[in-house]
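As provided, coords_7.txt (compact mmCIF, C-alpha atoms) reads as follows.
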```
# COMPACT_ATOMS: atom_id res chain seq x y z
CA MET A 1 6.94 -83.68 -95.27
CA LEU A 2 9.85 -86.12 -95.27
CA TYR A 3 11.81 -83.63 -97.37
CA TYR A 4 11.62 -81.04 -94.58
CA LEU A 5 12.37 -83.62 -91.87
CA PHE A 6 15.49 -84.88 -93.62
CA ASP A 7 16.53 -81.31 -94.40
CA ILE A 8 16.62 -80.69 -90.63
CA LEU A 9 18.45 -83.97 -90.05
CA ASN A 10 20.98 -83.04 -92.75
CA ARG A 11 21.69 -79.77 -90.98
CA VAL A 12 22.48 -81.60 -87.75
CA GLY A 13 24.83 -83.89 -89.66
CA LEU A 14 22.89 -87.18 -89.95
CA PRO A 15 24.69 -89.38 -92.53
CA GLY A 16 22.60 -90.06 -95.64
CA ALA A 17 20.00 -87.40 -94.89
CA ARG A 18 21.32 -85.32 -97.77
CA MET A 19 19.89 -87.81 -100.25
CA PHE A 20 16.44 -86.24 -99.88
CA GLY A 21 17.83 -83.02 -101.30
CA TYR A 22 18.31 -84.63 -104.71
CA VAL A 23 15.39 -84.52 -107.11
CA SER A 24 16.49 -87.76 -108.79
CA PHE A 25 16.37 -89.68 -105.50
CA ARG A 26 12.98 -88.30 -104.49
CA ALA A 27 11.58 -88.90 -107.98
CA LEU A 28 12.64 -92.55 -107.95
CA MET A 29 11.25 -92.97 -104.44
CA ALA A 30 7.98 -91.36 -105.61
CA ILE A 31 7.51 -93.80 -108.46
CA ILE A 32 8.24 -96.82 -106.25
CA LEU A 33 5.94 -95.59 -103.48
CA SER A 34 3.10 -94.73 -105.86
CA VAL A 35 3.22 -98.16 -107.50
CA LEU A 36 3.14 -99.88 -104.11
CA ILE A 37 0.24 -97.73 -102.92
CA SER A 38 -1.72 -98.48 -106.10
CA LEU A 39 -1.15 -102.22 -105.70
CA VAL A 40 -1.85 -102.51 -101.97
CA PHE A 41 -4.59 -99.91 -101.64
CA GLY A 42 -6.09 -100.97 -104.97
CA GLU A 43 -6.70 -104.54 -103.83
CA HIS A 44 -8.52 -103.42 -100.69
CA PHE A 45 -10.41 -100.74 -102.62
CA ILE A 46 -11.73 -103.23 -105.19
CA LYS A 47 -12.97 -105.60 -102.49
CA ARG A 48 -14.63 -102.72 -100.67
CA MET A 49 -16.35 -101.44 -103.80
CA LYS A 50 -17.65 -104.92 -104.63
CA ARG A 51 -19.17 -105.24 -101.17
CA MET A 52 -20.81 -101.83 -101.59
CA ASN A 53 -21.97 -102.78 -105.11
CA VAL A 54 -20.28 -99.68 -106.58
CA THR A 55 -20.24 -101.08 -110.09
CA GLU A 56 -20.67 -99.99 -113.70
CA VAL A 57 -24.06 -98.45 -114.35
CA GLN A 58 -26.57 -100.41 -116.45
CA ARG A 59 -27.17 -98.69 -119.77
CA ASP A 60 -29.30 -99.22 -122.83
CA GLU A 61 -27.57 -101.90 -124.91
CA SER A 62 -28.66 -100.19 -128.13
CA ILE A 63 -26.65 -97.14 -127.05
CA ASP A 64 -23.68 -98.91 -125.49
CA PRO A 65 -23.55 -102.54 -126.67
CA PHE A 66 -20.12 -103.07 -125.07
CA ASN A 67 -21.13 -102.12 -121.54
CA THR A 68 -23.28 -105.14 -120.66
CA LYS A 69 -20.34 -107.56 -120.48
CA LYS A 70 -18.65 -105.26 -117.96
CA LEU A 71 -21.50 -105.01 -115.51
CA GLY A 72 -20.44 -105.90 -111.98
CA VAL A 73 -16.94 -104.48 -112.33
CA PRO A 74 -16.27 -101.83 -109.64
CA THR A 75 -15.89 -98.25 -110.80
CA MET A 76 -14.57 -95.00 -109.23
CA GLY A 77 -11.07 -96.54 -109.30
CA GLY A 78 -9.69 -93.07 -109.96
CA ILE A 79 -9.58 -92.77 -106.17
CA ILE A 80 -6.72 -95.29 -106.24
CA ILE A 81 -4.81 -93.12 -108.72
CA ILE A 82 -5.41 -89.92 -106.76
CA VAL A 83 -4.30 -91.41 -103.43
CA ALA A 84 -1.22 -92.93 -105.07
CA ILE A 85 -0.29 -89.49 -106.45
CA LEU A 86 -1.01 -87.37 -103.39
CA VAL A 87 0.70 -89.48 -100.72
CA PRO A 88 4.19 -89.63 -102.36
CA CYS A 89 4.01 -85.94 -103.30
CA LEU A 90 3.05 -84.89 -99.78
CA LEU A 91 5.81 -87.04 -98.31
CA LEU A 92 8.61 -86.35 -100.78
CA GLY A 93 7.80 -83.04 -102.47
CA LYS A 94 8.72 -79.45 -101.66
CA LEU A 95 5.30 -78.25 -100.59
CA HIS A 96 6.31 -74.58 -100.81
CA ASN A 97 7.05 -74.92 -104.54
CA VAL A 98 4.37 -73.05 -106.50
CA TYR A 99 4.37 -75.62 -109.30
CA MET A 100 3.90 -78.53 -106.89
CA ILE A 101 1.06 -76.62 -105.19
CA LEU A 102 -0.68 -76.07 -108.54
CA MET A 103 -0.41 -79.75 -109.45
CA LEU A 104 -1.80 -80.85 -106.09
CA ILE A 105 -4.70 -78.40 -106.44
CA THR A 106 -5.37 -79.72 -109.96
CA THR A 107 -5.41 -83.32 -108.74
CA ILE A 108 -7.81 -82.62 -105.88
CA TRP A 109 -10.03 -80.21 -107.85
CA LEU A 110 -10.68 -82.53 -110.77
CA GLY A 111 -10.75 -85.56 -108.52
CA VAL A 112 -13.67 -84.02 -106.62
CA LEU A 113 -15.37 -83.11 -109.90
CA GLY A 114 -15.03 -86.63 -111.26
CA PHE A 115 -16.11 -88.14 -107.95
CA ALA A 116 -19.29 -86.02 -107.98
CA ASP A 117 -20.07 -87.26 -111.49
CA ASP A 118 -19.49 -90.91 -110.56
CA TYR A 119 -21.42 -90.55 -107.31
CA ILE A 120 -24.51 -89.34 -109.17
CA LYS A 121 -24.21 -92.21 -111.67
CA VAL A 122 -23.63 -94.95 -109.11
CA PHE A 123 -25.54 -93.93 -105.99
CA ARG A 124 -28.25 -91.75 -107.52
CA LYS A 125 -28.69 -94.24 -110.38
CA ASN A 126 -28.58 -91.44 -112.95
CA LYS A 127 -26.59 -92.69 -115.94
CA ASP A 128 -26.07 -89.13 -117.22
CA GLY A 129 -24.13 -88.14 -114.12
CA LEU A 130 -23.25 -84.54 -113.36
CA HIS A 131 -24.73 -82.07 -115.86
CA GLY A 132 -22.23 -81.14 -118.56
CA LYS A 133 -22.39 -77.41 -117.84
CA PHE A 134 -21.19 -77.98 -114.26
CA LYS A 135 -18.22 -79.99 -115.54
CA VAL A 136 -17.29 -77.22 -117.95
CA ILE A 137 -17.67 -74.54 -115.26
CA ALA A 138 -15.35 -76.49 -112.94
CA GLN A 139 -12.79 -77.07 -115.70
CA VAL A 140 -12.89 -73.41 -116.75
CA GLY A 141 -12.55 -72.39 -113.10
CA LEU A 142 -9.45 -74.53 -112.68
CA GLY A 143 -7.93 -73.16 -115.90
CA PHE A 144 -8.59 -69.63 -114.68
CA ILE A 145 -6.93 -70.30 -111.30
CA VAL A 146 -3.88 -71.93 -112.89
CA GLY A 147 -3.46 -69.18 -115.51
CA LEU A 148 -3.95 -66.40 -112.96
CA THR A 149 -1.47 -67.98 -110.54
CA LEU A 150 1.18 -68.27 -113.24
CA TYR A 151 0.53 -64.60 -114.04
CA LEU A 152 0.58 -63.23 -110.50
CA SER A 153 3.04 -65.44 -108.62
CA PRO A 154 6.52 -63.88 -108.26
CA ASP A 155 8.00 -67.40 -108.21
CA VAL A 156 6.88 -68.11 -111.78
CA VAL A 157 9.81 -66.85 -113.82
CA LEU A 158 12.03 -68.09 -116.62
CA LYS A 159 15.24 -67.38 -118.47
CA GLN A 160 14.77 -66.87 -122.17
CA ASN A 161 16.99 -68.80 -124.59
CA VAL A 162 18.89 -66.62 -127.06
CA GLU A 163 20.97 -67.72 -130.05
CA THR A 164 24.39 -66.17 -130.52
CA HIS A 165 26.64 -66.49 -133.55
CA LYS A 166 30.42 -66.56 -133.25
CA ASN A 167 33.05 -67.74 -135.74
CA GLY A 168 30.35 -69.19 -137.95
CA GLN A 169 28.91 -71.32 -135.14
CA THR A 170 25.59 -70.97 -133.35
CA HIS A 171 25.45 -71.10 -129.57
CA VAL A 172 22.47 -70.95 -127.24
CA VAL A 173 22.75 -68.92 -124.07
CA HIS A 174 20.21 -67.95 -121.47
CA MET A 175 19.68 -64.45 -120.19
CA GLU A 176 21.37 -63.67 -116.87
CA SER A 177 18.23 -62.40 -115.17
CA VAL A 178 14.93 -64.20 -114.71
CA GLU A 179 11.74 -62.58 -115.98
CA LYS A 180 7.98 -62.85 -116.00
CA SER A 181 7.07 -63.81 -119.53
CA THR A 182 4.17 -64.82 -121.76
CA LYS A 183 6.46 -66.87 -123.96
CA SER A 184 5.92 -70.52 -124.82
CA THR A 185 7.87 -73.09 -126.79
CA ILE A 186 6.62 -73.71 -130.31
CA PRO A 187 7.77 -76.81 -132.22
CA PHE A 188 9.34 -76.97 -135.69
CA PHE A 189 10.28 -73.26 -135.86
CA LYS A 190 13.90 -72.13 -135.57
CA ASN A 191 13.00 -69.08 -133.49
CA ASN A 192 11.07 -71.34 -131.19
CA ASN A 193 9.60 -68.94 -128.63
CA LEU A 194 6.06 -67.80 -129.24
CA ASP A 195 5.09 -64.72 -127.24
CA TYR A 196 1.37 -64.39 -126.57
CA ALA A 197 1.95 -60.65 -126.13
CA ASP A 198 2.78 -60.42 -129.86
CA PHE A 199 -0.89 -61.11 -130.60
CA THR A 200 -1.95 -58.17 -128.43
CA ALA A 201 0.65 -55.71 -129.69
CA PHE A 202 -2.19 -53.45 -130.87
CA LEU A 203 -2.83 -52.64 -127.20
CA GLY A 204 0.39 -50.66 -127.03
CA GLU A 205 1.67 -50.28 -123.48
CA TYR A 206 -0.93 -52.81 -122.32
CA ALA A 207 0.30 -55.48 -124.74
CA GLN A 208 1.97 -57.52 -122.00
CA THR A 209 -1.18 -57.53 -119.88
CA GLY A 210 -3.18 -58.51 -122.95
CA GLY A 211 -0.69 -61.32 -123.55
CA TRP A 212 -1.30 -62.68 -120.06
CA ILE A 213 -5.07 -62.51 -120.59
CA LEU A 214 -4.63 -64.50 -123.79
CA PHE A 215 -2.39 -66.95 -121.93
CA VAL A 216 -5.09 -67.47 -119.29
CA LEU A 217 -7.69 -68.09 -122.01
CA VAL A 218 -5.40 -70.63 -123.69
CA THR A 219 -4.90 -72.31 -120.31
CA ILE A 220 -8.66 -72.59 -119.81
CA PHE A 221 -9.11 -74.08 -123.29
CA VAL A 222 -6.26 -76.59 -122.91
CA VAL A 223 -7.40 -77.79 -119.48
CA THR A 224 -10.98 -78.30 -120.68
CA ALA A 225 -10.03 -79.97 -123.97
CA VAL A 226 -7.43 -82.40 -122.61
CA SER A 227 -9.50 -83.31 -119.55
CA ASN A 228 -12.48 -84.17 -121.78
CA GLY A 229 -10.21 -85.95 -124.27
CA ALA A 230 -8.89 -88.27 -121.56
CA ASN A 231 -12.46 -88.84 -120.42
CA LEU A 232 -13.49 -89.93 -123.94
CA ASN A 233 -10.40 -92.13 -124.27
CA ASP A 234 -11.42 -94.08 -121.17
CA GLY A 235 -13.58 -96.66 -122.93
CA MET A 236 -11.52 -99.85 -122.97
CA ASP A 237 -9.61 -101.79 -120.35
CA GLY A 238 -6.24 -100.11 -119.83
CA MET A 239 -6.72 -97.63 -122.69
CA ALA A 240 -6.60 -94.26 -120.91
CA THR A 241 -4.30 -95.62 -118.20
CA GLY A 242 -1.60 -96.73 -120.62
CA ASN A 243 -1.84 -93.72 -122.93
CA SER A 244 -1.65 -91.29 -120.00
CA ALA A 245 1.35 -93.07 -118.48
CA ILE A 246 3.21 -92.77 -121.79
CA ILE A 247 2.35 -89.08 -122.03
CA GLY A 248 3.45 -88.66 -118.42
CA VAL A 249 6.90 -90.10 -119.16
CA ALA A 250 7.35 -87.66 -122.06
CA LEU A 251 6.24 -84.72 -119.90
CA GLY A 252 8.67 -85.81 -117.18
CA ILE A 253 11.54 -85.70 -119.67
CA LEU A 254 10.45 -82.26 -120.88
CA ALA A 255 10.15 -80.98 -117.30
CA TYR A 256 13.61 -82.25 -116.41
CA VAL A 257 15.36 -80.66 -119.39
CA SER A 258 13.44 -77.41 -118.84
CA SER A 259 14.73 -77.25 -115.26
CA HIS A 260 18.35 -78.06 -116.20
CA ILE A 261 20.10 -75.08 -117.77
CA GLU A 262 22.63 -77.16 -119.71
CA PHE A 263 20.00 -79.43 -121.27
CA ALA A 264 17.81 -76.41 -121.94
CA SER A 265 20.72 -74.77 -123.79
CA TYR A 266 21.35 -77.91 -125.81
CA LEU A 267 17.70 -78.19 -126.85
CA ASN A 268 17.37 -74.40 -127.30
CA ILE A 269 14.38 -74.10 -124.96
CA MET A 270 13.56 -71.82 -122.07
CA TYR A 271 15.08 -72.51 -118.65
CA ILE A 272 12.35 -72.54 -115.99
CA PRO A 273 13.75 -72.59 -112.43
CA GLY A 274 11.75 -74.62 -109.94
CA THR A 275 10.18 -77.03 -112.42
CA GLU A 276 12.57 -79.78 -111.32
CA GLU A 277 10.05 -80.39 -108.51
CA LEU A 278 7.52 -81.39 -111.17
CA VAL A 279 9.68 -84.43 -111.91
CA VAL A 280 8.79 -85.76 -108.45
CA PHE A 281 5.10 -85.19 -109.16
CA ILE A 282 5.11 -86.76 -112.61
CA CYS A 283 6.97 -89.82 -111.33
CA ALA A 284 4.22 -90.28 -108.73
CA PHE A 285 1.68 -89.80 -111.53
CA VAL A 286 3.26 -92.42 -113.80
CA GLY A 287 3.76 -94.82 -110.89
CA ALA A 288 0.11 -94.47 -109.86
CA LEU A 289 -1.03 -95.27 -113.40
CA VAL A 290 1.31 -98.25 -113.75
CA GLY A 291 0.08 -99.64 -110.43
CA PHE A 292 -3.53 -99.04 -111.44
CA LEU A 293 -2.90 -100.81 -114.75
CA TRP A 294 -2.21 -103.97 -112.72
CA TYR A 295 -5.94 -104.12 -112.03
CA ASN A 296 -7.23 -102.17 -115.05
CA ALA A 297 -5.58 -104.27 -117.79
CA TYR A 298 -7.89 -106.60 -119.73
CA PRO A 299 -10.01 -108.06 -118.29
CA ALA A 300 -10.39 -105.10 -115.95
CA GLN A 301 -11.00 -105.69 -112.24
CA VAL A 302 -11.80 -102.00 -111.74
CA PHE A 303 -12.61 -98.95 -113.86
CA MET A 304 -11.22 -95.51 -113.11
CA GLY A 305 -14.52 -93.73 -113.86
CA ASP A 306 -14.68 -89.99 -114.32
CA THR A 307 -12.91 -89.67 -110.97
CA GLY A 308 -9.79 -90.85 -112.75
CA SER A 309 -10.18 -89.83 -116.38
CA LEU A 310 -11.05 -86.18 -115.75
CA THR A 311 -8.20 -85.95 -113.24
CA ILE A 312 -5.45 -87.45 -115.38
CA GLY A 313 -6.45 -85.32 -118.37
CA GLY A 314 -6.36 -82.15 -116.28
CA ILE A 315 -3.00 -83.11 -114.77
CA ILE A 316 -1.48 -83.57 -118.22
CA ALA A 317 -2.87 -80.21 -119.40
CA VAL A 318 -1.74 -78.15 -116.39
CA PHE A 319 1.67 -79.84 -116.34
CA ALA A 320 2.28 -79.00 -120.02
CA ILE A 321 1.19 -75.39 -119.46
CA ILE A 322 3.51 -74.92 -116.48
CA ILE A 323 6.58 -76.03 -118.46
CA ARG A 324 5.40 -73.93 -121.43
CA LYS A 325 4.94 -76.92 -123.73
CA GLU A 326 1.18 -76.56 -124.24
CA LEU A 327 1.68 -76.10 -127.99
CA LEU A 328 3.08 -79.65 -128.11
CA ILE A 329 -0.19 -81.09 -126.81
CA PRO A 330 -1.78 -81.67 -130.26
CA ILE A 331 1.18 -83.99 -130.96
CA LEU A 332 1.82 -85.45 -127.51
CA CYS A 333 -1.89 -85.98 -126.78
CA GLY A 334 -2.78 -86.83 -130.37
CA ILE A 335 -4.88 -89.79 -129.24
CA PHE A 336 -7.02 -87.54 -127.04
CA LEU A 337 -7.32 -85.02 -129.88
CA VAL A 338 -8.54 -87.64 -132.34
CA GLU A 339 -11.04 -88.99 -129.78
CA ASN A 340 -12.42 -85.47 -129.29
CA LEU A 341 -12.57 -84.73 -133.01
CA SER A 342 -14.27 -88.02 -133.84
CA VAL A 343 -17.13 -87.24 -131.45
CA MET A 344 -17.52 -83.64 -132.62
CA LEU A 345 -17.48 -84.62 -136.32
CA GLN A 346 -19.95 -87.44 -135.71
CA VAL A 347 -22.39 -85.14 -133.92
CA GLN A 348 -22.19 -82.39 -136.53
CA TYR A 349 -22.52 -84.81 -139.46
CA PHE A 350 -25.57 -86.40 -137.83
CA LYS A 351 -27.18 -82.96 -137.28
CA ILE A 352 -26.61 -82.03 -140.93
CA GLY A 353 -28.33 -85.24 -142.02
CA LYS A 354 -31.18 -84.68 -139.59
CA LYS A 355 -31.95 -81.32 -141.23
CA LYS A 356 -32.14 -83.12 -144.58
CA GLY A 357 -34.39 -85.79 -143.13
CA VAL A 358 -31.84 -88.62 -143.31
CA ARG A 359 -29.91 -90.56 -140.68
CA GLN A 360 -26.20 -90.48 -141.36
CA ARG A 361 -22.97 -90.98 -139.47
CA ILE A 362 -19.28 -90.81 -140.36
CA PHE A 363 -18.01 -93.61 -138.13
CA LYS A 364 -19.70 -96.79 -136.98
CA ARG A 365 -19.40 -95.54 -133.40
CA THR A 366 -17.54 -92.86 -131.48
CA PRO A 367 -15.22 -92.19 -129.73
CA ILE A 368 -13.05 -93.54 -132.51
CA HIS A 369 -11.76 -96.57 -130.58
CA ASP A 370 -15.30 -98.00 -130.57
CA HIS A 371 -15.37 -97.81 -134.38
CA PHE A 372 -12.84 -100.66 -134.59
CA ARG A 373 -14.85 -103.09 -132.45
CA THR A 374 -18.33 -102.49 -133.86
CA THR A 375 -19.76 -105.37 -135.89
CA ALA A 376 -22.13 -105.01 -138.85
CA SER A 377 -24.96 -106.46 -136.78
CA GLN A 378 -24.64 -103.55 -134.31
CA LEU A 379 -25.19 -100.90 -136.98
CA GLU A 380 -28.53 -99.18 -137.52
CA THR A 381 -30.25 -100.52 -140.63
CA ASN A 382 -31.88 -97.16 -141.43
CA CYS A 383 -28.62 -95.19 -141.16
CA THR A 384 -25.89 -94.62 -143.74
CA TYR A 385 -22.24 -94.70 -142.68
CA LEU A 386 -19.49 -92.78 -144.43
CA ILE A 387 -16.72 -95.05 -143.13
CA THR A 388 -17.53 -98.73 -142.61
CA GLY A 389 -14.01 -100.18 -142.78
CA PRO A 390 -12.11 -102.03 -141.65
CA LYS A 391 -14.44 -104.95 -142.19
CA ARG A 392 -12.56 -106.93 -139.58
CA VAL A 393 -13.55 -106.39 -135.93
CA PHE A 394 -10.67 -106.22 -133.46
CA HIS A 395 -10.56 -107.39 -129.87
CA GLU A 396 -10.39 -104.49 -127.44
CA SER A 397 -7.01 -105.58 -126.02
CA LYS A 398 -5.49 -105.38 -129.52
CA ILE A 399 -7.03 -101.94 -130.07
CA THR A 400 -5.71 -100.77 -126.69
CA ILE A 401 -2.16 -101.93 -127.31
CA ARG A 402 -2.12 -100.40 -130.80
CA PHE A 403 -3.29 -97.10 -129.33
CA TRP A 404 -0.42 -97.37 -126.82
CA ILE A 405 2.02 -97.88 -129.68
CA VAL A 406 0.69 -94.77 -131.42
CA SER A 407 1.02 -92.84 -128.14
CA ILE A 408 4.66 -93.93 -127.83
CA LEU A 409 5.40 -92.75 -131.37
CA LEU A 410 3.66 -89.42 -130.73
CA ALA A 411 5.60 -88.95 -127.47
CA VAL A 412 8.89 -89.53 -129.28
CA ILE A 413 7.89 -87.14 -132.05
CA ALA A 414 6.90 -84.48 -129.50
CA ILE A 415 10.34 -84.66 -127.90
CA ILE A 416 12.37 -84.68 -131.13
CA THR A 417 10.43 -81.70 -132.50
CA LEU A 418 12.52 -79.65 -130.07
CA LYS A 419 15.55 -80.41 -132.28
CA ILE A 420 13.79 -80.51 -135.67
CA ARG A 421 13.73 -76.85 -136.65
```
Here is a file; write its structure as structure tokens.
Amino acid sequence: MLYYLFDILNRVGLPGARMFGYVSFRALMAIILSVLISLVFGEHFIKRMKRMNVTEVQRDESIDPFNTKKLGVPTMGGIIIIVAILVPCLLLGKLHNVYMILMLITTIWLGVLGFADDYIKVFRKNKDGLHGKFKVIAQVGLGFIVGLTLYLSPDVVLKQNVETHKNGQTHVVHMESVEKSTKSTIPFFKNNNLDYADFTAFLGEYAQTGGWILFVLVTIFVVTAVSNGANLNDGMDGMATGNSAIIGVALGILAYVSSHIEFASYLNIMYIPGTEELVVFICAFVGALVGFLWYNAYPAQVFMGDTGSLTIGGIIAVFAIIIRKELLIPILCGIFLVENLSVMLQVQYFKIGKKKGVRQRIFKRTPIHDHFRTTASQLETNCTYLITGPKRVFHESKITIRFWIVSILLAVIAIITLKIR
């Protein structure tokens, strides 16, 4: 809104009004504003939630032995994050930009989904929350809307990067005209554009349409997987908050270079006009998480709940898809991937043992971060464990910070893969 106001003021010649036309200025303002909103609104929110007794749900200690010490801490803190993202974006963003619109829809959509889940847990006193199938339906629905919009919108175009060779030297140029494309950036490979339409070449003249259908299906899968991965990662004070902020910084860098034709040429990636507006959004996202971490760091004064974790995971997924970096997610979101895999492997291994009439597990507990804080006394005596090390039990703040360090390394690797090929 302020962007449009200052655009009018710039036209009438008001000194300094032109500053709002620069993405860098609006992005820096967004991060400052989002941090301040998180800090100020967060304090009032926590007090309000305590008065309403909106706290962590009591669970069976045999199932979740770590939850009992956190009873009484307010939950649904994801509302703080969502407000701190939406307000700066609405004030400072170009609200006619299709990418900004998609990110705002993603934030609200998954925020409502997570809120519904937390509401059932807290106010209905149902520890299971919203049924899993409804979560999946909502996540698939969002992925479908995002993929279909990127397919149908005339504003979603790109300029493909092409290598040219002259006098023994390689140069990267971008095509003069913009195009609708099913291409995405793939790491490590020299010819780094993967075209989804290549997988549907057997459809002949309908190959491009088939490529877009495949792209939509990939979008649905990525949104669902990353959203659930962030949800699983939210199990320790500051864990998901810090990891997501680190991922957000990396995505912001990737969005900026994708929207700058000179940087895109240097890195030999596609130039995507309009994605510079995503820098404003991601700065608000990172600022909101940093501000929330003020209260969420150990010992936490508030938990984000599914309202926050489902939202931040979905934001990361949709953002990566828009800038055509979804194939970097296994690296960039490696922590979320490992959390997901640990749960799936644990469940399948337990089912195999159940068929044989034995109780068996791979890890002491899952998601994997719980494995490192589980003591021998918390293990089932009638169950065999494939991995029981390390013998030492770590404090959750040490586990959290070490996961942050891994996330930083993965973010750096994700960025440098664009040059390692």
| query | Between CA of Leu332 (chain A) and CA of Ala317 (chain A), what is the distance, to one decimal in Å? | reply |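 Going from CA of Leu332 (chain A) over to CA of Ala317 (chain A), I get 10.7 Å.
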Take the point (7.2, -87.6, -125.6) in the file's coordinates, draw a sphere of radius 9 Å around it, and report as a PDB file with C-alpha atoms, in the frame of the given file every protein, DNA or RNA residue with an atom inside or on it, counting only C-alpha atoms.
```
ATOM      1  CA  ILE A 246       3.210 -92.770-121.790  1.00  0.00           C
ATOM      2  CA  ILE A 247       2.350 -89.080-122.030  1.00  0.00           C
ATOM      3  CA  GLY A 248       3.450 -88.660-118.420  1.00  0.00           C
ATOM      4  CA  VAL A 249       6.900 -90.100-119.160  1.00  0.00           C
ATOM      5  CA  ALA A 250       7.350 -87.660-122.060  1.00  0.00           C
ATOM      6  CA  LEU A 251       6.240 -84.720-119.900  1.00  0.00           C
ATOM      7  CA  GLY A 252       8.670 -85.810-117.180  1.00  0.00           C
ATOM      8  CA  ILE A 253      11.540 -85.700-119.670  1.00  0.00           C
ATOM      9  CA  LEU A 254      10.450 -82.260-120.880  1.00  0.00           C
ATOM     10  CA  ILE A 331       1.180 -83.990-130.960  1.00  0.00           C
ATOM     11  CA  LEU A 332       1.820 -85.450-127.510  1.00  0.00           C
ATOM     12  CA  SER A 407       1.020 -92.840-128.140  1.00  0.00           C
ATOM     13  CA  ILE A 408       4.660 -93.930-127.830  1.00  0.00           C
ATOM     14  CA  LEU A 409       5.400 -92.750-131.370  1.00  0.00           C
ATOM     15  CA  LEU A 410       3.660 -89.420-130.730  1.00  0.00           C
ATOM     16  CA  ALA A 411       5.600 -88.950-127.470  1.00  0.00           C
ATOM     17  CA  VAL A 412       8.890 -89.530-129.280  1.00  0.00           C
ATOM     18  CA  ILE A 413       7.890 -87.140-132.050  1.00  0.00           C
ATOM     19  CA  ALA A 414       6.900 -84.480-129.500  1.00  0.00           C
ATOM     20  CA  ILE A 415      10.340 -84.660-127.900  1.00  0.00           C
ATOM     21  CA  ILE A 416      12.370 -84.680-131.130  1.00  0.00           C
TER      22      ILE A 416
END
```
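For Leu110 (chain A), the non-local neighbours within 9 Å, defined as residues at least 5 positions apart in the same chain or in other chains and counting only C-alpha atoms, are Ile105, Phe115, Ala138, Gln139, Leu142, Ser227, Thr307, Gly308, Leu310, Thr311, Ile312, Gly314 and Ile315 of chain A.
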Can I get the selection written as a short mmCIF file (atom, residue, chain, number, x, y, z; two decimals), in the coordinates of the input, with C-alpha atoms?
```cif
data_model
loop_
_atom_site.label_atom_id
_atom_site.label_comp_id
_atom_site.auth_asym_id
_atom_site.auth_seq_id
_atom_site.Cartn_x
_atom_site.Cartn_y
_atom_site.Cartn_z
CA ILE A 105 -4.70 -78.40 -106.44
CA PHE A 115 -16.11 -88.14 -107.95
CA ALA A 138 -15.35 -76.49 -112.94
CA GLN A 139 -12.79 -77.07 -115.70
CA LEU A 142 -9.45 -74.53 -112.68
CA SER A 227 -9.50 -83.31 -119.55
CA THR A 307 -12.91 -89.67 -110.97
CA GLY A 308 -9.79 -90.85 -112.75
CA LEU A 310 -11.05 -86.18 -115.75
CA THR A 311 -8.20 -85.95 -113.24
CA ILE A 312 -5.45 -87.45 -115.38
CA GLY A 314 -6.36 -82.15 -116.28
CA ILE A 315 -3.00 -83.11 -114.77
#
```
| Restricting the calculation to all atoms listed in the file, which member of A:Leu90, A:Leu9, A:Ala116, A:Leu293 is positioned closest to Met103 (chain A)? |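 Smallest separation from Met103 (chain A) among the options: A:Leu90.
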| request: Kindly give the distance, in Å, that separates CA of Arg324 (chain A) and CA of Pro154 (chain A), rounded to a single decimal. | output: 16.6 Å
| request: Point out the residue among A:Ile81, A:Val73, A:Leu267, A:Leu14 with the least atom-to-atom distance to Ala284 (chain A), counting only C-alpha atoms. | output: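 Among the listed residues, A:Ile81 lies closest to Ala284 (chain A).
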